[in-house]
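Trainee: One file is attached below, query-v2.tsv, containing TSV, C-alpha atoms.
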chain	number	residue	atom	x	y	z
A	1	MET	CA	61.70	202.68	24.18
A	2	ALA	CA	62.48	199.53	22.21
A	3	ARG	CA	64.98	198.50	24.81
A	4	SER	CA	62.49	198.81	27.64
A	5	CYS	CA	59.85	196.87	25.69
A	6	SER	CA	62.25	194.03	24.91
A	7	GLN	CA	63.04	193.69	28.60
A	8	TRP	CA	59.46	194.00	29.88
A	9	TRP	CA	59.49	190.61	31.60
A	10	ARG	CA	62.68	191.18	33.56
A	11	ALA	CA	60.72	192.16	36.62
A	12	PRO	CA	60.72	190.55	40.05
A	13	ILE	CA	58.86	187.29	40.21
A	14	TYR	CA	56.01	188.80	42.23
A	15	SER	CA	55.16	191.09	39.31
A	16	THR	CA	55.30	188.07	37.02
A	17	VAL	CA	52.97	186.17	39.35
A	18	SER	CA	50.49	189.05	39.20
A	19	ILE	CA	50.58	189.03	35.40
A	20	VAL	CA	50.00	185.27	35.24
A	21	LEU	CA	47.16	185.40	37.74
A	22	ALA	CA	45.51	188.33	35.99
A	23	PHE	CA	45.75	186.55	32.65
A	24	MET	CA	44.30	183.32	34.02
A	25	ALA	CA	41.55	185.08	35.95
A	26	ILE	CA	40.46	187.06	32.88
A	27	SER	CA	40.61	183.97	30.66
A	28	ALA	CA	38.54	181.94	33.12
A	29	ALA	CA	35.96	184.71	33.48
A	30	LEU	CA	35.57	185.08	29.74
A	31	HIS	CA	35.29	181.33	29.28
A	32	ALA	CA	32.66	181.03	32.00
A	33	SER	CA	30.55	183.94	30.78
A	34	SER	CA	30.70	182.86	27.14
A	35	ASN	CA	29.33	179.41	28.05
A	36	ASN	CA	26.88	180.78	30.63
A	37	ALA	CA	28.20	178.08	32.92
A	38	PRO	CA	28.90	178.06	36.64
A	39	SER	CA	32.38	178.72	37.98
A	40	PRO	CA	34.78	175.87	37.04
A	41	THR	CA	36.06	175.73	40.64
A	42	LYS	CA	33.82	173.56	42.80
A	43	PRO	CA	33.20	174.71	46.39
A	44	THR	CA	34.99	171.64	47.78
A	45	THR	CA	38.01	172.28	45.58
A	46	TYR	CA	38.00	175.94	46.59
A	47	GLU	CA	37.91	175.00	50.26
A	48	LEU	CA	40.75	172.50	49.84
A	49	SER	CA	42.88	175.01	47.92
A	50	LEU	CA	42.26	177.61	50.61
A	51	ASN	CA	43.34	175.15	53.31
A	52	ALA	CA	46.39	174.20	51.24
A	53	SER	CA	47.31	177.85	50.84
A	54	ARG	CA	47.12	178.38	54.60
A	55	ALA	CA	49.31	175.31	55.21
A	56	LEU	CA	51.88	176.57	52.69
A	57	ARG	CA	51.93	180.01	54.29
A	58	ARG	CA	52.45	178.52	57.76
A	59	SER	CA	55.49	176.66	56.39
A	60	GLY	CA	56.92	179.81	54.80
A	61	PHE	CA	56.03	179.14	51.15
A	62	ASN	CA	54.26	182.45	50.57
A	63	THR	CA	54.67	182.72	46.78
A	64	ILE	CA	53.21	179.28	46.06
A	65	ALA	CA	50.55	179.87	48.75
A	66	THR	CA	49.38	182.99	46.92
A	67	LEU	CA	49.23	181.19	43.60
A	68	PHE	CA	47.38	178.25	45.13
A	69	GLN	CA	44.79	180.45	46.77
A	70	ILE	CA	44.02	182.69	43.82
A	71	SER	CA	44.55	180.34	40.88
A	72	PRO	CA	44.59	176.67	41.93
A	73	GLU	CA	43.92	175.59	38.34
A	74	ILE	CA	47.61	176.15	37.62
A	75	PHE	CA	48.31	172.98	39.59
A	76	LEU	CA	45.07	171.01	39.49
A	77	TYR	CA	44.92	169.96	35.83
A	78	SER	CA	45.07	166.33	36.96
A	79	PRO	CA	42.49	164.52	39.14
A	80	ASN	CA	45.32	163.62	41.55
A	81	SER	CA	48.44	165.69	42.09
A	82	THR	CA	51.60	166.05	44.14
A	83	ILE	CA	52.88	169.61	44.26
A	84	PHE	CA	56.51	170.28	45.13
A	85	ALA	CA	56.51	173.87	46.40
A	86	ILE	CA	59.72	175.88	45.89
A	87	GLN	CA	61.02	177.89	48.83
A	88	ASP	CA	60.56	181.65	48.52
A	89	SER	CA	64.30	182.28	48.92
A	90	ALA	CA	65.00	180.21	45.79
A	91	ILE	CA	62.63	182.09	43.48
A	92	SER	CA	61.93	185.50	45.01
A	93	ASN	CA	64.74	187.23	43.08
A	94	VAL	CA	64.38	185.32	39.81
A	95	SER	CA	63.04	187.10	36.73
A	96	LEU	CA	60.87	184.87	34.54
A	97	PRO	CA	58.42	185.52	31.71
A	98	PRO	CA	54.85	184.42	32.53
A	99	TRP	CA	54.87	181.41	30.19
A	100	LEU	CA	58.05	180.08	31.80
A	101	LEU	CA	56.71	180.57	35.31
A	102	LYS	CA	53.68	178.47	34.39
A	103	ASP	CA	55.90	175.76	32.85
A	104	LEU	CA	58.11	175.76	35.94
A	105	LEU	CA	55.14	175.31	38.27
A	106	GLN	CA	53.71	172.52	36.13
A	107	TYR	CA	57.11	170.78	36.12
A	108	HIS	CA	56.91	170.76	39.92
A	109	THR	CA	53.48	169.10	39.87
A	110	SER	CA	53.29	165.33	39.45
A	111	THR	CA	50.13	163.70	38.12
A	112	THR	CA	49.91	161.21	41.02
A	113	LYS	CA	49.17	161.82	44.69
A	114	LEU	CA	52.16	160.80	46.81
A	115	SER	CA	52.73	161.25	50.52
A	116	MET	CA	56.24	161.18	51.97
A	117	SER	CA	55.69	157.55	52.92
A	118	ASP	CA	54.72	156.79	49.32
A	119	LEU	CA	57.90	158.47	48.07
A	120	LEU	CA	60.04	156.52	50.54
A	121	ASN	CA	58.47	153.26	49.36
A	122	LYS	CA	59.23	154.01	45.71
A	123	PRO	CA	62.32	152.36	44.19
A	124	GLN	CA	65.26	154.72	43.87
A	125	HIS	CA	65.58	156.05	40.30
A	126	SER	CA	61.84	155.88	39.74
A	127	CYS	CA	60.48	158.55	37.41
A	128	LEU	CA	57.34	160.56	38.10
A	129	PRO	CA	55.28	162.17	35.33
A	130	THR	CA	54.55	165.89	35.59
A	131	LEU	CA	51.99	168.28	34.15
A	132	LEU	CA	54.64	169.59	31.75
A	133	SER	CA	54.39	167.58	28.57
A	134	ARG	CA	57.14	164.96	28.06
A	135	LYS	CA	58.99	166.07	31.19
A	136	ASN	CA	59.58	163.78	34.17
A	137	VAL	CA	61.21	164.17	37.54
A	138	ALA	CA	63.22	161.35	39.11
A	139	ILE	CA	63.71	160.13	42.65
A	140	THR	CA	67.49	160.36	42.72
A	141	LYS	CA	68.09	159.49	46.39
A	142	ILE	CA	66.18	157.73	49.15
A	143	ASP	CA	67.46	157.41	52.72
A	144	THR	CA	65.00	155.34	54.75
A	145	LYS	CA	66.96	155.83	57.99
A	146	SER	CA	66.72	159.61	57.91
A	147	ARG	CA	63.42	159.42	56.00
A	148	SER	CA	64.73	161.80	53.36
A	149	VAL	CA	64.10	161.91	49.63
A	150	GLU	CA	65.75	163.86	46.82
A	151	ILE	CA	63.97	164.65	43.56
A	152	ASN	CA	66.31	165.64	40.72
A	153	HIS	CA	69.03	165.91	43.42
A	154	VAL	CA	66.92	168.45	45.35
A	155	LEU	CA	66.01	167.63	48.95
A	156	VAL	CA	62.35	167.42	49.93
A	157	SER	CA	62.89	169.71	52.91
A	158	HIS	CA	59.28	170.05	54.09
A	159	PRO	CA	57.43	166.73	53.64
A	160	ASP	CA	53.67	166.42	53.94
A	161	ILE	CA	52.85	170.11	54.22
A	162	PHE	CA	49.35	169.23	53.07
A	163	LEU	CA	47.64	165.86	52.61
A	164	GLN	CA	43.95	166.25	51.91
A	165	GLY	CA	41.58	165.38	49.12
A	166	PRO	CA	43.10	164.59	45.73
A	167	PHE	CA	46.47	166.26	46.23
A	168	SER	CA	49.51	166.42	48.47
A	169	ILE	CA	52.12	169.14	48.89
A	170	HIS	CA	55.77	168.93	49.86
A	171	GLY	CA	58.33	171.72	50.12
A	172	VAL	CA	61.66	171.61	48.26
A	173	GLN	CA	64.80	173.69	48.71
A	174	ARG	CA	65.15	174.92	45.14
A	175	PRO	CA	63.77	174.35	41.60
A	176	PHE	CA	64.20	170.90	40.07
A	177	SER	CA	65.90	172.45	37.03
A	178	SER	CA	68.38	175.30	36.84
A	179	LEU	CA	67.28	177.96	34.37
A	180	ASP	CA	69.88	179.44	32.04
A	181	PRO	CA	68.77	182.99	31.06
A	182	GLN	CA	70.23	182.53	27.57
A	183	ASP	CA	68.16	179.39	27.04
A	184	VAL	CA	65.06	181.26	28.20
A	185	GLU	CA	65.66	184.05	25.69
A	186	GLN	CA	66.15	181.54	22.86
A	187	GLY	CA	63.09	179.56	23.96
A	188	TRP	CA	64.90	176.23	23.79
A	189	ASP	CA	64.99	173.35	26.23
A	190	TYR	CA	65.13	175.61	29.25
A	191	ILE	CA	63.87	172.95	31.71
A	192	GLN	CA	66.38	170.12	31.94
A	193	SER	CA	64.74	166.84	32.91
A	194	PRO	CA	65.89	163.24	33.43
A	195	ILE	CA	65.51	160.73	30.63
A	196	CYS	CA	63.24	157.82	31.57
A	197	ASP	CA	62.31	154.58	29.84
A	198	SER	CA	58.83	153.19	29.15
A	199	ASN	CA	58.82	151.53	32.59
A	200	SER	CA	59.31	154.89	34.33
A	201	ARG	CA	62.86	154.07	35.31
A	202	LEU	CA	65.72	156.56	35.13
A	203	VAL	CA	67.85	155.99	32.03
A	204	SER	CA	70.07	159.06	32.11
A	205	ASP	CA	70.46	161.69	34.76
A	206	PHE	CA	69.94	165.18	33.34
A	207	ILE	CA	73.08	166.37	35.14
A	208	GLU	CA	75.14	163.59	33.56
A	209	SER	CA	73.66	164.32	30.13
A	210	LYS	CA	74.40	168.01	30.46
A	211	ASN	CA	78.01	167.31	31.44
A	212	MET	CA	78.56	164.96	28.51
A	213	ILE	CA	77.54	167.07	25.52
A	214	GLU	CA	76.36	170.68	25.61
A	215	TRP	CA	73.23	170.11	23.53
A	216	THR	CA	71.54	173.31	24.61
A	217	LYS	CA	74.62	175.28	23.58
A	218	ILE	CA	74.73	173.45	20.24
A	219	ILE	CA	71.12	174.33	19.48
A	220	ARG	CA	71.68	177.93	20.54
A	221	LEU	CA	74.74	178.26	18.28
A	222	LEU	CA	72.92	176.73	15.32
A	223	SER	CA	69.84	178.91	15.73
A	224	SER	CA	71.77	182.15	15.98
A	225	ASN	CA	74.14	181.49	13.09
A	226	GLY	CA	72.00	180.70	10.07
A	227	PHE	CA	70.99	177.10	10.78
A	228	VAL	CA	67.57	177.82	12.28
A	229	SER	CA	65.59	175.05	10.58
A	230	PHE	CA	68.12	172.39	11.54
A	231	ALA	CA	68.25	173.75	15.11
A	232	ILE	CA	64.45	173.47	15.36
A	233	ALA	CA	64.55	169.92	13.99
A	234	LEU	CA	67.33	168.86	16.38
A	235	HIS	CA	65.52	170.36	19.36
A	236	SER	CA	62.29	168.54	18.52
A	237	VAL	CA	63.94	165.08	18.43
A	238	LEU	CA	66.65	165.60	21.06
A	239	ASP	CA	64.88	163.66	23.84
A	240	GLY	CA	64.81	160.53	21.69
A	241	ILE	CA	68.45	160.95	20.69
A	242	LEU	CA	69.52	161.22	24.34
A	243	GLU	CA	67.37	158.26	25.39
A	244	HIS	CA	68.92	155.94	22.79
A	245	ASN	CA	72.51	157.20	23.06
A	246	THR	CA	73.11	157.46	26.80
A	247	SER	CA	76.82	156.65	26.55
A	248	MET	CA	77.63	159.11	23.78
A	249	ASN	CA	80.11	161.67	25.13
A	250	SER	CA	81.19	163.46	21.95
A	251	THR	CA	79.67	164.22	18.58
A	252	THR	CA	80.12	165.65	15.09
A	253	ILE	CA	77.21	167.50	13.51
A	254	PHE	CA	76.83	168.31	9.82
A	255	ALA	CA	74.51	171.31	9.66
A	256	PRO	CA	72.72	172.31	6.43
A	257	PRO	CA	71.52	175.93	6.06
A	258	ASP	CA	68.06	174.85	4.87
A	259	PHE	CA	66.63	171.73	6.43
A	260	THR	CA	63.42	171.29	4.45
A	261	PHE	CA	62.42	168.18	6.39
A	262	VAL	CA	61.63	170.15	9.56
A	263	SER	CA	57.88	169.70	9.06
A	264	SER	CA	58.15	165.95	8.37
A	265	PRO	CA	56.36	163.39	10.60
A	266	SER	CA	58.25	162.68	13.82
A	267	PRO	CA	59.70	159.22	12.97
A	268	LEU	CA	61.01	160.45	9.61
A	269	LEU	CA	62.35	163.70	11.07
A	270	ASP	CA	64.08	161.79	13.85
A	271	ARG	CA	65.86	159.53	11.32
A	272	LEU	CA	66.89	162.40	9.06
A	273	VAL	CA	68.34	164.46	11.92
A	274	ARG	CA	70.26	161.45	13.24
A	275	PHE	CA	71.67	160.90	9.75
A	276	HIS	CA	73.52	164.22	10.15
A	277	ILE	CA	75.12	163.30	13.50
A	278	LEU	CA	78.17	161.14	14.24
A	279	PRO	CA	78.71	159.59	17.69
A	280	GLN	CA	82.29	160.87	17.81
A	281	ARG	CA	84.08	164.19	17.45
A	282	LEU	CA	85.95	164.57	14.12
A	283	THR	CA	87.48	167.89	13.09
A	284	TYR	CA	87.85	168.85	9.45
A	285	LYS	CA	91.55	167.96	9.54
A	286	GLU	CA	90.75	164.52	10.97
A	287	LEU	CA	88.05	163.91	8.35
A	288	ALA	CA	90.35	165.04	5.54
A	289	SER	CA	93.05	162.63	6.69
A	290	LEU	CA	90.79	159.61	6.22
A	291	PRO	CA	91.05	157.56	2.98
A	292	ASP	CA	88.56	157.90	0.16
A	293	LYS	CA	85.44	155.73	0.59
A	294	THR	CA	85.80	155.63	4.39
A	295	MET	CA	82.41	155.01	5.98
A	296	LEU	CA	81.34	157.20	8.91
A	297	LYS	CA	78.97	155.72	11.46
A	298	THR	CA	75.92	157.95	12.11
A	299	LEU	CA	73.19	157.76	14.74
A	300	VAL	CA	71.07	155.82	12.22
A	301	ALA	CA	71.98	152.20	12.88
A	302	ASP	CA	71.80	151.00	9.29
A	303	GLN	CA	72.95	154.09	7.40
A	304	ASP	CA	76.51	155.48	7.21
A	305	LEU	CA	78.05	158.43	5.43
A	306	GLU	CA	80.85	158.04	2.91
A	307	ILE	CA	83.90	160.27	2.52
A	308	ASN	CA	84.42	161.33	-1.11
A	309	GLY	CA	88.04	162.30	-1.76
A	310	GLY	CA	89.57	162.09	1.66
A	311	VAL	CA	93.35	162.56	1.55
A	312	ASN	CA	93.01	163.31	-2.17
A	313	LEU	CA	90.93	166.47	-1.77
A	314	THR	CA	89.32	168.00	-4.85
A	315	ARG	CA	89.21	171.73	-5.54
A	316	LEU	CA	85.80	171.73	-3.89
A	317	GLY	CA	87.33	170.59	-0.62
A	318	LEU	CA	86.09	167.68	1.43
A	319	VAL	CA	82.86	166.05	0.26
A	320	ILE	CA	80.75	163.75	2.43
A	321	ASP	CA	78.15	161.59	0.71
A	322	GLY	CA	78.19	163.93	-2.27
A	323	VAL	CA	77.71	167.08	-0.15
A	324	GLN	CA	80.44	169.65	0.29
A	325	ILE	CA	81.63	170.87	3.68
A	326	VAL	CA	81.51	174.63	3.09
A	327	ALA	CA	82.16	175.84	6.64
A	328	PRO	CA	84.50	173.45	8.49
A	329	ASP	CA	84.88	173.58	12.27
A	330	ILE	CA	82.52	176.55	12.62
A	331	PHE	CA	81.77	175.66	16.25
A	332	SER	CA	83.91	173.43	18.38
A	333	SER	CA	84.52	172.33	21.97
A	334	ASN	CA	86.19	169.30	23.50
A	335	LYS	CA	82.83	167.49	23.27
A	336	PHE	CA	81.47	168.52	19.86
A	337	VAL	CA	82.30	169.99	16.49
A	338	ILE	CA	79.89	171.41	13.91
A	339	HIS	CA	80.60	171.58	10.18
A	340	GLY	CA	78.42	173.59	7.83
A	341	ILE	CA	77.44	171.70	4.68
A	342	SER	CA	76.01	173.01	1.42
A	343	GLN	CA	72.76	171.03	1.67
A	344	ALA	CA	71.15	168.24	3.65
A	345	PHE	CA	72.28	164.67	3.09
A	346	ARG	CA	69.90	162.45	1.16
A	347	ASP	CA	68.86	159.21	2.82
A	348	GLU	CA	68.02	157.01	-0.13
A	349	ARG	CA	65.90	154.75	2.04
A	350	VAL	CA	63.40	157.50	2.76
A	351	SER	CA	63.64	159.51	-0.47
Rewrite the structure from the file as structure tokens, please.

Mentor:
Amino acid sequence: MARSCSQWWRAPIYSTVSIVLAFMAISAALHASSNNAPSPTKPTTYELSLNASRALRRSGFNTIATLFQISPEIFLYSPNSTIFAIQDSAISNVSLPPWLLKDLLQYHTSTTKLSMSDLLNKPQHSCLPTLLSRKNVAITKIDTKSRSVEINHVLVSHPDIFLQGPFSIHGVQRPFSSLDPQDVEQGWDYIQSPICDSNSRLVSDFIESKNMIEWTKIIRLLSSNGFVSFAIALHSVLDGILEHNTSMNSTTIFAPPDFTFVSSPSPLLDRLVRFHILPQRLTYKELASLPDKTMLKTLVADQDLEINGGVNLTRLGLVIDGVQIVAPDIFSSNKFVIHGISQAFRDERVS
């Protein structure tokens, strides 16, 4: 029985859609009745969503058409929207929990209305905000001759399916982010998105970032092997780390078993996590071969770590900034290595 309960969401996506719609319909009904207010969906919005659903169905996007007809509020959180509808063949056999389905749909909804002509007139590598918090999509390819556009390397295969009122709809061949089932189970950064600067320009392609360092794998390994608090902290500041270290292609992480700073304010937490990360891969043997007092550059620009002992190891083993490495090389690949340390490093500037 426990096994079947733990796998309850591994049903076809149409069952998941029904669960999401039922949940939203019930929630909306309760909210409306408790406030004794009229239905939150205006007649004009209802008519537009019905027309949009019909247009989607005519183009073969039946799953998104059903969602749009029954529960348009999934997409219409913003006054203006561009919805990128995923083809049925790309999602019909995927098993997703309801919360992830909602996140996926919101990631495919931009908060600006854009026709195909608007997309073609955008500069290549422009970023578009989405309904999913802190997640953007990027225009990765524009071909004005063939009038084709790719978002996150996915072709807009059915442009201008619907262009009425405050929203537009285009069809795409597949989801903008591949979904790793293991990441879904862990609840980590399951939707991979491009990194964009404050001017909405692409800084780092999510595919390039993924190929450089396996951050999702690192977080998964940490969380499942006794470093949960540090894994949570790293996950919460990872976007900033990637944005400011786009050329970093290897890393060394010193992981404490109890990272008490996990509830610290974001700027402080960001600095403290970075203080435990080196922008190069150094195994225990390589660290131990360095002379005493060698300084190790961290991701904090003005704060390094110091090797205590080095080639003259004490009985305690290698010590970094007064903290012992108790579990050397516990996880390693050609891009990263993780060392377990007895406690978190102390940054004197924030103590």

Trainee: Counting only C-alpha atoms, which of A:Gln343, A:Thr45, A:Gln69, A:Asn245 gets nearest to Phe230 in chain A?

Mentor: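 For Phe230 in chain A, the nearest of the given residues is A:Gln343.
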
Trainee: Would you work out the distance separating CA of Phe167 in chain A from CA of Arg147 in chain A, expressed in Å to one decimal?

Mentor: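 Separation of CA of Phe167 in chain A and CA of Arg147 in chain A: 20.7 Å.
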
Trainee: Taking (56.8, 170.6, 29.2) in the file's own coordinates, collect the residues within 12 Å, counting all atoms listed in the file, and hand them back as a ChimeraX atom specification.

Mentor: /A:99-109,129-137,188-193,239

Trainee: Counting all atoms listed in the file, which residue out of A:Lys285, A:Arg201, A:His276, A:Arg58 sits closest to Ile253 in chain A?

Mentor: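 Of A:Lys285, A:Arg201, A:His276, A:Arg58, the one nearest Ile253 in chain A is A:His276, counting all atoms listed in the file.
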
Trainee: Padding 3 Å on each side, edges along x, y and z: where is the centre of the box around the listed atoms of range 106-109 of chain A, and how long are its edges in Å to one decimal? Output it as JSON.

Mentor:
{"center_x": 55.3, "center_y": 170.8, "center_z": 38.0, "size_x": 9.6, "size_y": 9.4, "size_z": 9.8}

Trainee: Within 12 Å of Glu348 in chain A, counting only C-alpha atoms, which residues qualify if same-chain residues fewer than 4 places away don't, as an MDAnalysis selection string?

Mentor: chainID A and resid 271:272 275 302:305 321

Trainee: Might you pull out every residue within 12 Å of Ile195 in chain A, with only C-alpha atoms counted and same-chain residues fewer than 2 positions away left off, and present them as JSON, numbers by chain?

Mentor: {"A": [125, 126, 127, 128, 129, 134, 135, 136, 137, 138, 152, 192, 193, 197, 198, 199, 200, 201, 202, 203, 204, 205, 206, 207, 208, 209, 210, 238, 239, 240, 241, 242, 243, 244, 245, 246]}
